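Next up, start.txt (compact mmCIF, C-alpha atoms and all ligand atoms):
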```
# COMPACT_ATOMS: atom_id res chain seq x y z
CA MET A 1 139.40 131.78 49.68
CA ILE A 2 136.30 133.87 50.30
CA THR A 3 132.78 133.11 49.13
CA LEU A 4 129.77 135.21 50.04
CA GLU A 5 126.45 134.05 48.66
CA ASN A 6 123.34 136.22 48.85
CA VAL A 7 124.61 137.87 52.01
CA SER A 8 122.32 140.41 53.65
CA VAL A 9 122.77 142.26 56.93
CA TYR A 10 120.03 144.14 58.76
CA ARG A 11 120.58 146.42 61.75
CA ASN A 12 117.73 148.27 63.46
CA LYS A 13 115.40 147.34 60.58
CA LYS A 14 117.86 148.95 58.16
CA GLN A 15 119.37 146.82 55.43
CA ILE A 16 123.11 147.46 55.44
CA LEU A 17 124.12 144.78 52.93
CA LYS A 18 121.78 143.48 50.26
CA ASP A 19 122.26 140.13 48.53
CA VAL A 20 126.01 140.41 48.23
CA ASN A 21 127.68 137.77 46.09
CA TRP A 22 131.45 137.93 46.08
CA GLN A 23 134.17 135.40 45.48
CA VAL A 24 137.88 135.86 46.04
CA LYS A 25 140.14 133.20 44.57
CA ASN A 26 143.69 132.25 45.38
CA GLY A 27 146.22 134.54 43.73
CA GLU A 28 143.83 137.49 43.45
CA HIS A 29 144.27 140.78 45.25
CA TRP A 30 141.15 142.94 45.60
CA SER A 31 140.44 146.57 46.17
CA ILE A 32 137.08 147.65 47.55
CA LEU A 33 135.76 151.05 46.62
CA GLY A 34 132.58 152.66 47.92
CA LEU A 35 131.24 155.92 49.27
CA ASN A 36 130.94 156.53 53.03
CA GLY A 37 128.30 154.30 54.56
CA SER A 38 128.12 151.96 51.57
CA GLY A 39 128.84 148.88 53.70
CA LYS A 40 132.57 148.23 53.24
CA THR A 41 133.41 147.87 56.94
CA THR A 42 130.38 145.65 57.47
CA LEU A 43 131.54 143.44 54.61
CA LEU A 44 135.05 143.15 56.08
CA ASN A 45 133.60 142.39 59.50
CA ILE A 46 131.78 139.48 57.94
CA VAL A 47 134.95 138.17 56.30
CA ASN A 48 136.70 138.43 59.69
CA GLY A 49 133.89 136.60 61.43
CA TYR A 50 133.03 139.59 63.64
CA ILE A 51 129.52 139.86 62.17
CA PHE A 52 127.22 137.07 61.14
CA PRO A 53 125.00 137.90 58.19
CA THR A 54 121.26 137.99 58.76
CA LYS A 55 120.87 135.98 55.56
CA GLY A 56 123.16 134.16 53.17
CA ASP A 57 126.16 131.85 53.23
CA VAL A 58 129.76 132.66 54.01
CA GLU A 59 132.85 130.56 53.58
CA VAL A 60 136.28 132.00 54.32
CA LEU A 61 139.48 129.91 54.08
CA ASP A 62 137.46 126.70 54.20
CA HIS A 63 135.64 127.83 57.34
CA VAL A 64 131.91 127.58 56.74
CA PHE A 65 130.18 130.13 58.95
CA GLY A 66 127.80 128.48 61.35
CA LYS A 67 129.82 125.25 61.29
CA SER A 68 133.33 126.43 62.04
CA TYR A 69 135.21 127.76 65.06
CA ILE A 70 135.61 131.39 64.11
CA PRO A 71 138.51 132.41 66.43
CA LYS A 72 140.62 129.92 64.47
CA LEU A 73 139.71 131.74 61.26
CA ARG A 74 140.71 135.11 62.73
CA GLU A 75 144.23 133.78 63.32
CA GLU A 76 144.54 133.32 59.57
CA ILE A 77 143.48 136.86 58.69
CA GLY A 78 145.66 139.90 59.21
CA LEU A 79 143.87 143.18 59.76
CA VAL A 80 145.21 146.70 59.59
CA SER A 81 142.55 149.25 60.49
CA SER A 82 142.07 152.41 62.49
CA SER A 83 139.95 150.55 65.05
CA LEU A 84 142.81 148.11 65.68
CA GLN A 85 145.18 151.04 66.05
CA LYS A 86 142.95 152.52 68.76
CA GLN A 87 142.95 149.23 70.69
CA LEU A 88 146.73 148.94 70.87
CA ARG A 89 148.55 150.24 73.94
CA GLY A 90 150.45 153.40 73.15
CA PHE A 91 153.13 152.77 75.76
CA ASP A 92 154.21 149.46 74.19
CA SER A 93 157.42 149.44 72.18
CA VAL A 94 157.28 148.94 68.43
CA LEU A 95 159.07 145.60 68.75
CA SER A 96 156.58 144.24 71.28
CA ILE A 97 153.64 145.47 69.19
CA VAL A 98 155.02 143.67 66.14
CA LEU A 99 155.73 140.54 68.19
CA SER A 100 152.20 140.55 69.64
CA GLY A 101 150.95 139.98 66.08
CA LYS A 102 152.14 136.39 66.33
CA PHE A 103 149.58 135.76 69.06
CA GLY A 104 146.92 138.21 67.86
CA SER A 105 147.00 139.78 71.32
CA ILE A 106 146.88 143.36 72.55
CA GLY A 107 150.04 143.44 74.65
CA LEU A 108 152.67 140.74 74.80
CA TYR A 109 152.06 138.00 77.35
CA GLU A 110 153.52 134.94 75.71
CA GLU A 111 157.06 133.64 75.82
CA VAL A 112 158.92 134.99 72.82
CA GLU A 113 161.49 132.87 71.05
CA LYS A 114 164.62 134.12 69.34
CA LYS A 115 163.18 133.16 65.96
CA ASP A 116 160.09 135.32 66.65
CA VAL A 117 162.30 138.34 67.28
CA GLU A 118 164.24 137.55 64.09
CA LEU A 119 160.99 137.32 62.12
CA ALA A 120 159.70 140.57 63.62
CA ARG A 121 162.95 142.29 62.64
CA HIS A 122 162.68 140.80 59.14
CA TYR A 123 159.21 142.30 58.63
CA MET A 124 160.22 145.62 60.19
CA GLU A 125 163.11 145.68 57.73
CA LEU A 126 160.71 144.96 54.85
CA LEU A 127 158.43 147.80 55.98
CA ASN A 128 161.34 150.12 56.75
CA CYS A 129 160.61 150.53 60.44
CA SER A 130 163.43 148.57 62.10
CA HIS A 131 165.01 151.82 63.28
CA LEU A 132 161.88 152.41 65.39
CA GLU A 133 161.95 149.12 67.29
CA ASP A 134 162.55 150.66 70.74
CA GLU A 135 160.22 153.63 70.28
CA GLN A 136 156.89 153.85 72.05
CA PHE A 137 154.05 153.27 69.59
CA GLU A 138 152.13 156.39 70.67
CA TYR A 139 154.95 158.70 69.61
CA LEU A 140 155.08 157.44 66.03
CA SER A 141 153.73 159.35 63.07
CA GLN A 142 150.69 157.95 61.29
CA GLY A 143 152.83 156.66 58.41
CA GLU A 144 155.19 154.90 60.83
CA ARG A 145 152.25 153.40 62.73
CA GLN A 146 150.78 151.92 59.57
CA ARG A 147 154.09 150.31 58.66
CA VAL A 148 154.34 148.85 62.18
CA LEU A 149 150.77 147.55 61.98
CA ILE A 150 151.44 145.82 58.69
CA SER A 151 154.61 144.24 60.13
CA ARG A 152 152.51 143.12 63.10
CA ALA A 153 149.85 141.59 60.86
CA LEU A 154 152.47 139.66 58.85
CA MET A 155 153.82 138.01 62.03
CA ALA A 156 150.89 135.59 62.08
CA ASN A 157 151.65 134.55 58.50
CA PRO A 158 148.09 135.38 57.44
CA LYS A 159 146.50 133.90 54.35
CA ILE A 160 144.45 137.08 53.91
CA LEU A 161 145.65 140.58 54.78
CA ILE A 162 142.95 143.23 55.03
CA LEU A 163 144.12 146.82 54.72
CA ASP A 164 141.23 149.07 55.71
CA GLU A 165 142.01 152.58 54.43
CA PRO A 166 145.72 152.24 55.31
CA CYS A 167 146.64 155.56 53.69
CA ASN A 168 144.23 157.66 55.77
CA GLY A 169 145.94 160.68 57.25
CA LEU A 170 149.20 160.14 55.38
CA ASP A 171 150.98 162.95 53.57
CA LEU A 172 151.91 162.50 49.92
CA ILE A 173 155.38 161.09 50.60
CA SER A 174 154.29 158.74 53.41
CA ARG A 175 151.40 157.49 51.30
CA GLU A 176 153.65 156.70 48.35
CA GLU A 177 156.11 154.96 50.68
CA LEU A 178 153.37 152.86 52.23
CA LEU A 179 151.99 151.92 48.82
CA HIS A 180 155.50 150.95 47.75
CA PHE A 181 155.75 148.56 50.72
CA ILE A 182 152.29 147.12 50.02
CA GLY A 183 153.45 146.46 46.44
CA LYS A 184 156.52 144.71 47.79
CA ILE A 185 154.39 142.43 49.97
CA ALA A 186 152.28 141.50 46.95
CA GLU A 187 155.43 140.53 45.04
CA ARG A 188 156.54 138.00 47.65
CA GLU A 189 156.17 134.36 46.81
CA ASP A 190 154.35 133.74 50.10
CA ALA A 191 152.18 136.86 49.77
CA PRO A 192 148.82 136.71 51.50
CA THR A 193 145.72 137.60 49.51
CA LEU A 194 145.47 141.37 49.89
CA ILE A 195 142.21 143.23 50.33
CA LEU A 196 142.50 146.99 50.21
CA VAL A 197 139.66 149.27 51.19
CA THR A 198 140.13 152.77 49.89
CA HIS A 199 138.28 155.87 48.77
CA TYR A 200 140.95 156.76 46.22
CA THR A 201 141.53 154.86 43.00
CA GLU A 202 145.13 156.08 42.77
CA GLU A 203 145.89 153.87 45.79
CA ILE A 204 144.85 150.82 43.78
CA LEU A 205 148.25 149.52 42.75
CA PRO A 206 148.50 147.28 39.69
CA CYS A 207 148.81 144.26 42.02
CA PHE A 208 145.16 144.80 42.98
CA ASN A 209 144.01 143.02 39.90
CA HIS A 210 140.36 142.83 41.02
CA THR A 211 137.98 145.46 42.32
CA LEU A 212 134.64 145.40 44.09
CA LEU A 213 132.49 148.50 43.72
CA ILE A 214 129.95 148.66 46.50
CA LYS A 215 127.10 151.13 46.59
CA GLU A 216 124.31 151.46 49.16
CA GLY A 217 124.99 147.98 50.49
CA GLN A 218 124.89 146.32 47.10
CA VAL A 219 127.53 145.10 44.71
CA PHE A 220 127.51 147.69 41.93
CA ALA A 221 130.19 145.89 39.92
CA LYS A 222 133.06 143.47 40.47
CA GLY A 223 135.81 142.04 38.34
CA LEU A 224 139.11 143.00 36.79
CA SER A 225 140.27 146.41 38.00
CA GLN A 226 141.32 147.52 34.55
CA GLU A 227 137.84 146.82 33.20
CA LEU A 228 136.04 148.61 36.05
CA LEU A 229 138.19 151.66 36.69
CA THR A 230 136.96 153.41 33.57
CA GLU A 231 135.20 156.74 32.98
CA SER A 232 131.90 155.18 32.08
CA THR A 233 131.70 152.72 35.00
CA LEU A 234 132.98 155.18 37.59
CA SER A 235 130.71 158.00 36.36
CA GLU A 236 127.75 155.69 36.75
CA PHE A 237 129.05 154.47 40.12
CA TYR A 238 129.51 157.95 41.60
CA GLY A 239 126.47 159.37 39.80
CA ARG A 240 128.61 162.25 38.53
CA PRO A 241 130.65 162.72 35.36
CA ILE A 242 134.18 161.59 36.18
CA SER A 243 137.34 161.99 34.18
CA VAL A 244 140.01 159.36 34.50
CA HIS A 245 143.69 159.51 33.75
CA GLU A 246 146.29 156.83 34.12
CA GLU A 247 149.78 157.33 35.48
CA GLN A 248 152.23 154.75 36.85
CA ASN A 249 149.61 152.10 36.00
CA ARG A 250 147.28 153.72 38.51
CA VAL A 251 143.99 155.50 37.87
CA TRP A 252 143.50 159.09 39.01
CA LEU A 253 140.05 160.66 39.09
CA ALA A 254 138.59 164.13 38.89
CA LEU A 255 135.04 165.42 38.73
CA LYS A 256 134.33 166.76 35.22
N1 LIG B 1 125.48 148.18 64.20
C1 LIG B 1 124.87 149.02 63.37
N2 LIG B 1 123.63 149.49 63.65
C2 LIG B 1 123.00 150.33 62.80
N3 LIG B 1 123.54 150.78 61.65
C3 LIG B 1 124.77 150.36 61.34
C4 LIG B 1 125.51 149.47 62.16
N4 LIG B 1 126.71 149.23 61.58
C5 LIG B 1 126.72 149.96 60.43
N5 LIG B 1 125.56 150.64 60.29
C6 LIG B 1 125.20 151.49 59.15
O1 LIG B 1 125.41 150.74 57.98
C7 LIG B 1 125.90 151.56 56.92
C8 LIG B 1 127.19 150.97 56.37
O2 LIG B 1 128.21 151.15 57.34
P1 LIG B 1 129.73 150.74 57.08
O3 LIG B 1 130.51 151.18 58.28
O4 LIG B 1 129.79 149.31 56.70
O5 LIG B 1 130.08 151.65 55.81
P2 LIG B 1 131.49 151.99 55.14
O6 LIG B 1 131.32 151.78 53.68
O7 LIG B 1 132.58 151.24 55.81
O8 LIG B 1 131.64 153.54 55.45
P3 LIG B 1 132.96 154.47 55.60
O9 LIG B 1 133.54 154.61 54.23
O10 LIG B 1 132.38 155.76 56.08
O11 LIG B 1 133.86 153.82 56.58
C9 LIG B 1 126.02 152.96 57.50
O12 LIG B 1 124.88 153.69 57.14
C10 LIG B 1 126.08 152.72 59.00
O13 LIG B 1 125.54 153.81 59.70
```
How does this structure look as structure tokens?
Ligand SMILES: Nc1ncnc2c1ncn2[C@@H]1O[C@H](COP(=O)(O)OP(=O)(O)OP(=O)(O)O)[C@@H](O)[C@H]1O
Amino acid sequence: MITLENVSVYRNKKQILKDVNWQVKNGEHWSILGLNGSGKTTLLNIVNGYIFPTKGDVEVLDHVFGKSYIPKLREEIGLVSSSLQKQLRGFDSVLSIVLSGKFGSIGLYEEVEKKDVELARHYMELLNCSHLEDEQFEYLSQGERQRVLISRALMANPKILILDEPCNGLDLISREELLHFIGKIAEREDAPTLILVTHYTEEILPCFNHTLLIKEGQVFAKGLSQELLTESTLSEFYGRPISVHEEQNRVWLALK
């Protein structure tokens, strides 16, 4: 699904990503963990085709970068991020925002068919936001907005769904609700490959069976989440002694 080989990115003579090798296979769901400025957003922007690496090879969903028409690729990737949220028009209704996901547009300009509305309502039901369909997006709480954005992303039937810090700004209850819905998406037969960027290991649900630890632009470790989310690996990763405890099949951290 995703192959990055020896990918490096330089900006203003600074190396932001260094020789990144990363492969995501069908059926895997990945979490990406890294400190601020470690290169996570840059990595996702490469996967989305928004940034071309300075060096290295990228192939995403059979699109070989440099040989493929990238806008086509973007239609196959759903993205939920704070930058997308800022681009959306606050005065649009929730239903039209969700519907616009089918076309990947900001605003709804295309003819909408009855089956599109039915599909939008189906995803809003799944994400528990159907009761908001006539509300203006700008008046929603952060938790509600994230659920709407995920419904919107699903409208395009993406093969990859990138969730870039989806729990930012959510209170405890809203965060748990959102994680519950993310878990439900992963359970679906037609689930897209999920990629979750987070700063908090407790948001890594069991469905995120693989994890990429990224540090200072380099892959620190990658592989099965249960093998990486351990005291020894995470203490080395954060450069501080970390204690780990497991609850609900999720890993919770504290500084020792
Ligand atoms: N266009 C650019 N020009 C110069 N430096 C950049 C550019 N884009 C990113 N950087 C730098 O590259 C580094 C990695 O940035 P990136 O946004 O990928 O990190 P991140 O892991 O997503 O961080 P955060 O967790 O804070 O969102 C940062 O030091 C950032 O300042």
So that each row is one residue of stretch 94-201 of chain A with an atom at most 6 Å from stretch 28-44 of chain A, can you give its shortest atom pair and the distance in Å to one decimal, using all atoms listed in the file, rows by chain and rising number, as CSV?
```
residue,atom,partner,partner_atom,distance
A:Thr193,CA,A:His29,CA,5.5
A:Leu194,CA,A:His29,CA,4.8
A:Ile195,CA,A:Trp30,CA,4.9
A:Leu196,CA,A:Ser31,CA,4.6
A:Val197,CA,A:Ile32,CA,4.7
A:Thr198,CA,A:Leu33,CA,5.7
A:His199,CA,A:Leu33,CA,5.8
```
#### Entry: Protein and nucleic acid residues near (122.3, 133.7, 52.8) (cut-off 9 Å, all atoms listed in the file) as a PyMOL selection string
chain A and resi 4-8+19-20+53-58
### Task
Write out as a VMD selection string which residues come within 7 Å of A:Leu61 when counting all atoms listed in the file, dropping same-chain ones fewer than 2 positions away.
chain A and resid 1 to 2 59 63
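Minimum distance to ligand LIG 1 (chain B) across A:Ser93, A:Ser83, A:Asn128, A:Asn21 (counting all atoms listed in the file) occurs at A:Ser83.
Atom CA of A:Leu229 sits 9.8 Å away from atom CA of A:Ile204.
Ranking A:Trp252, A:Lys215, A:Asp62, A:Leu126 by their shortest atom-to-atom distance to A:Arg188, with all atoms listed in the file included, puts A:Leu126 first.
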### Query
In Å, with one decimal, what is the gap from atom CA of A:Glu189 to atom CA of A:Ile160?
14.0 Å
### Task
Select, from A:Lys115, A:Arg147, A:His210, A:His245, the residue with the minimum atom-to-atom distance to A:Phe181, counting only C-alpha atoms.
A:Arg147
Please write out, as lines of an AutoDock Vina configuration file, where the centre of an axis-aligned box around all listed atoms of stretch 137-156 of chain A lies and how long its edges are, in Å to one decimal, after adding 8 Å on each side.
```
center_x = 152.5
center_y = 147.5
center_z = 64.5
size_x = 21.3
size_y = 39.8
size_z = 28.3
```
### Message
Restricting the calculation to all atoms listed in the file: of A:Ile242, A:Val219, A:Ala186, A:Ala120, which residue gets closest to ligand LIG 1 (chain B)?
### Response
A:Val219
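Separating atom CA of A:Trp22 from atom CA of A:Lys222 is a distance of 8.0 Å.
Residues with any atom within 9 Å of the point (156.7, 144.4, 67.6), counting all atoms listed in the file, are Asp92, Ser93, Val94, Leu95, Ser96, Ile97, Val98, Leu99, Ser100, Gly101, Val117, Ala120, Arg121, Met124, Glu133, Val148, Leu149, Ser151, Arg152 and Met155 of chain A.
If all atoms listed in the file are the atoms counted, then among A:Leu140, A:Val244, A:Ile77, A:Leu154 the closest residue to A:Glu202 is A:Val244.
Among the candidates A:Glu165, A:Glu236, A:Glu177, A:Asp190, the residue lying nearest to ligand LIG 1 (chain B) is A:Glu165 (atoms considered: only C-alpha atoms and all ligand atoms).
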Taking the partial coordinates given, rebuild stretch 221-247 of chain A to contain N, CA and C atoms; return it as a PDB file, in the frame of the given file.
```pdb
ATOM      1  N   ALA A 221     129.440 146.608  40.962  1.00  0.00           N
ATOM      2  CA  ALA A 221     130.190 145.890  39.920  1.00  0.00           C
ATOM      3  C   ALA A 221     131.376 145.204  40.583  1.00  0.00           C
ATOM      4  N   LYS A 222     131.868 144.159  39.956  1.00  0.00           N
ATOM      5  CA  LYS A 222     133.060 143.470  40.470  1.00  0.00           C
ATOM      6  C   LYS A 222     133.753 142.816  39.287  1.00  0.00           C
ATOM      7  N   GLY A 223     135.066 142.681  39.418  1.00  0.00           N
ATOM      8  CA  GLY A 223     135.810 142.040  38.340  1.00  0.00           C
ATOM      9  C   GLY A 223     137.197 142.623  38.208  1.00  0.00           C
ATOM     10  N   LEU A 224     137.745 142.527  37.004  1.00  0.00           N
ATOM     11  CA  LEU A 224     139.110 143.000  36.790  1.00  0.00           C
ATOM     12  C   LEU A 224     139.178 144.510  36.949  1.00  0.00           C
ATOM     13  N   SER A 225     140.151 144.971  37.730  1.00  0.00           N
ATOM     14  CA  SER A 225     140.270 146.410  38.000  1.00  0.00           C
ATOM     15  C   SER A 225     140.340 147.208  36.710  1.00  0.00           C
ATOM     16  N   GLN A 226     141.133 146.710  35.753  1.00  0.00           N
ATOM     17  CA  GLN A 226     141.320 147.520  34.550  1.00  0.00           C
ATOM     18  C   GLN A 226     140.046 147.647  33.721  1.00  0.00           C
ATOM     19  N   GLU A 227     139.113 146.720  33.943  1.00  0.00           N
ATOM     20  CA  GLU A 227     137.840 146.820  33.200  1.00  0.00           C
ATOM     21  C   GLU A 227     136.836 147.706  33.935  1.00  0.00           C
ATOM     22  N   LEU A 228     137.023 147.850  35.257  1.00  0.00           N
ATOM     23  CA  LEU A 228     136.040 148.610  36.050  1.00  0.00           C
ATOM     24  C   LEU A 228     136.433 150.061  36.283  1.00  0.00           C
ATOM     25  N   LEU A 229     137.735 150.305  36.355  1.00  0.00           N
ATOM     26  CA  LEU A 229     138.190 151.660  36.690  1.00  0.00           C
ATOM     27  C   LEU A 229     138.232 152.514  35.425  1.00  0.00           C
ATOM     28  N   THR A 230     137.072 152.671  34.829  1.00  0.00           N
ATOM     29  CA  THR A 230     136.960 153.410  33.570  1.00  0.00           C
ATOM     30  C   THR A 230     136.002 154.589  33.773  1.00  0.00           C
ATOM     31  N   GLU A 231     136.071 155.551  32.848  1.00  0.00           N
ATOM     32  CA  GLU A 231     135.200 156.740  32.980  1.00  0.00           C
ATOM     33  C   GLU A 231     133.738 156.369  33.029  1.00  0.00           C
ATOM     34  N   SER A 232     133.332 155.459  32.144  1.00  0.00           N
ATOM     35  CA  SER A 232     131.900 155.180  32.080  1.00  0.00           C
ATOM     36  C   SER A 232     131.413 154.478  33.353  1.00  0.00           C
ATOM     37  N   THR A 233     132.160 153.451  33.797  1.00  0.00           N
ATOM     38  CA  THR A 233     131.700 152.720  35.000  1.00  0.00           C
ATOM     39  C   THR A 233     131.754 153.609  36.230  1.00  0.00           C
ATOM     40  N   LEU A 234     132.839 154.367  36.382  1.00  0.00           N
ATOM     41  CA  LEU A 234     132.980 155.180  37.590  1.00  0.00           C
ATOM     42  C   LEU A 234     132.007 156.364  37.588  1.00  0.00           C
ATOM     43  N   SER A 235     131.691 156.914  36.423  1.00  0.00           N
ATOM     44  CA  SER A 235     130.710 158.000  36.360  1.00  0.00           C
ATOM     45  C   SER A 235     129.344 157.489  36.803  1.00  0.00           C
ATOM     46  N   GLU A 236     129.035 156.288  36.349  1.00  0.00           N
ATOM     47  CA  GLU A 236     127.750 155.690  36.750  1.00  0.00           C
ATOM     48  C   GLU A 236     127.762 155.369  38.247  1.00  0.00           C
ATOM     49  N   PHE A 237     128.913 154.870  38.715  1.00  0.00           N
ATOM     50  CA  PHE A 237     129.050 154.470  40.120  1.00  0.00           C
ATOM     51  C   PHE A 237     128.888 155.676  41.052  1.00  0.00           C
ATOM     52  N   TYR A 238     129.573 156.765  40.725  1.00  0.00           N
ATOM     53  CA  TYR A 238     129.510 157.950  41.600  1.00  0.00           C
ATOM     54  C   TYR A 238     128.304 158.842  41.288  1.00  0.00           C
ATOM     55  N   GLY A 239     127.629 158.559  40.169  1.00  0.00           N
ATOM     56  CA  GLY A 239     126.470 159.370  39.800  1.00  0.00           C
ATOM     57  C   GLY A 239     126.868 160.787  39.388  1.00  0.00           C
ATOM     58  N   ARG A 240     128.104 160.950  38.993  1.00  0.00           N
ATOM     59  CA  ARG A 240     128.610 162.250  38.530  1.00  0.00           C
ATOM     60  C   ARG A 240     129.589 161.982  37.392  1.00  0.00           C
ATOM     61  N   PRO A 241     129.666 162.931  36.437  1.00  0.00           N
ATOM     62  CA  PRO A 241     130.650 162.720  35.360  1.00  0.00           C
ATOM     63  C   PRO A 241     132.077 162.764  35.915  1.00  0.00           C
ATOM     64  N   ILE A 242     132.822 161.727  35.641  1.00  0.00           N
ATOM     65  CA  ILE A 242     134.180 161.590  36.180  1.00  0.00           C
ATOM     66  C   ILE A 242     135.160 161.527  35.019  1.00  0.00           C
ATOM     67  N   SER A 243     136.278 162.212  35.174  1.00  0.00           N
ATOM     68  CA  SER A 243     137.340 161.990  34.180  1.00  0.00           C
ATOM     69  C   SER A 243     138.436 161.160  34.829  1.00  0.00           C
ATOM     70  N   VAL A 244     139.034 160.336  34.013  1.00  0.00           N
ATOM     71  CA  VAL A 244     140.010 159.360  34.500  1.00  0.00           C
ATOM     72  C   VAL A 244     141.319 159.580  33.769  1.00  0.00           C
ATOM     73  N   HIS A 245     142.425 159.625  34.483  1.00  0.00           N
ATOM     74  CA  HIS A 245     143.690 159.510  33.750  1.00  0.00           C
ATOM     75  C   HIS A 245     144.621 158.523  34.440  1.00  0.00           C
ATOM     76  N   GLU A 246     145.434 157.900  33.619  1.00  0.00           N
ATOM     77  CA  GLU A 246     146.290 156.830  34.120  1.00  0.00           C
ATOM     78  C   GLU A 246     147.724 157.297  34.211  1.00  0.00           C
ATOM     79  N   GLU A 247     148.358 157.017  35.320  1.00  0.00           N
ATOM     80  CA  GLU A 247     149.780 157.330  35.480  1.00  0.00           C
ATOM     81  C   GLU A 247     150.358 156.254  36.372  1.00  0.00           C
TER      82      GLU A 247
END
```
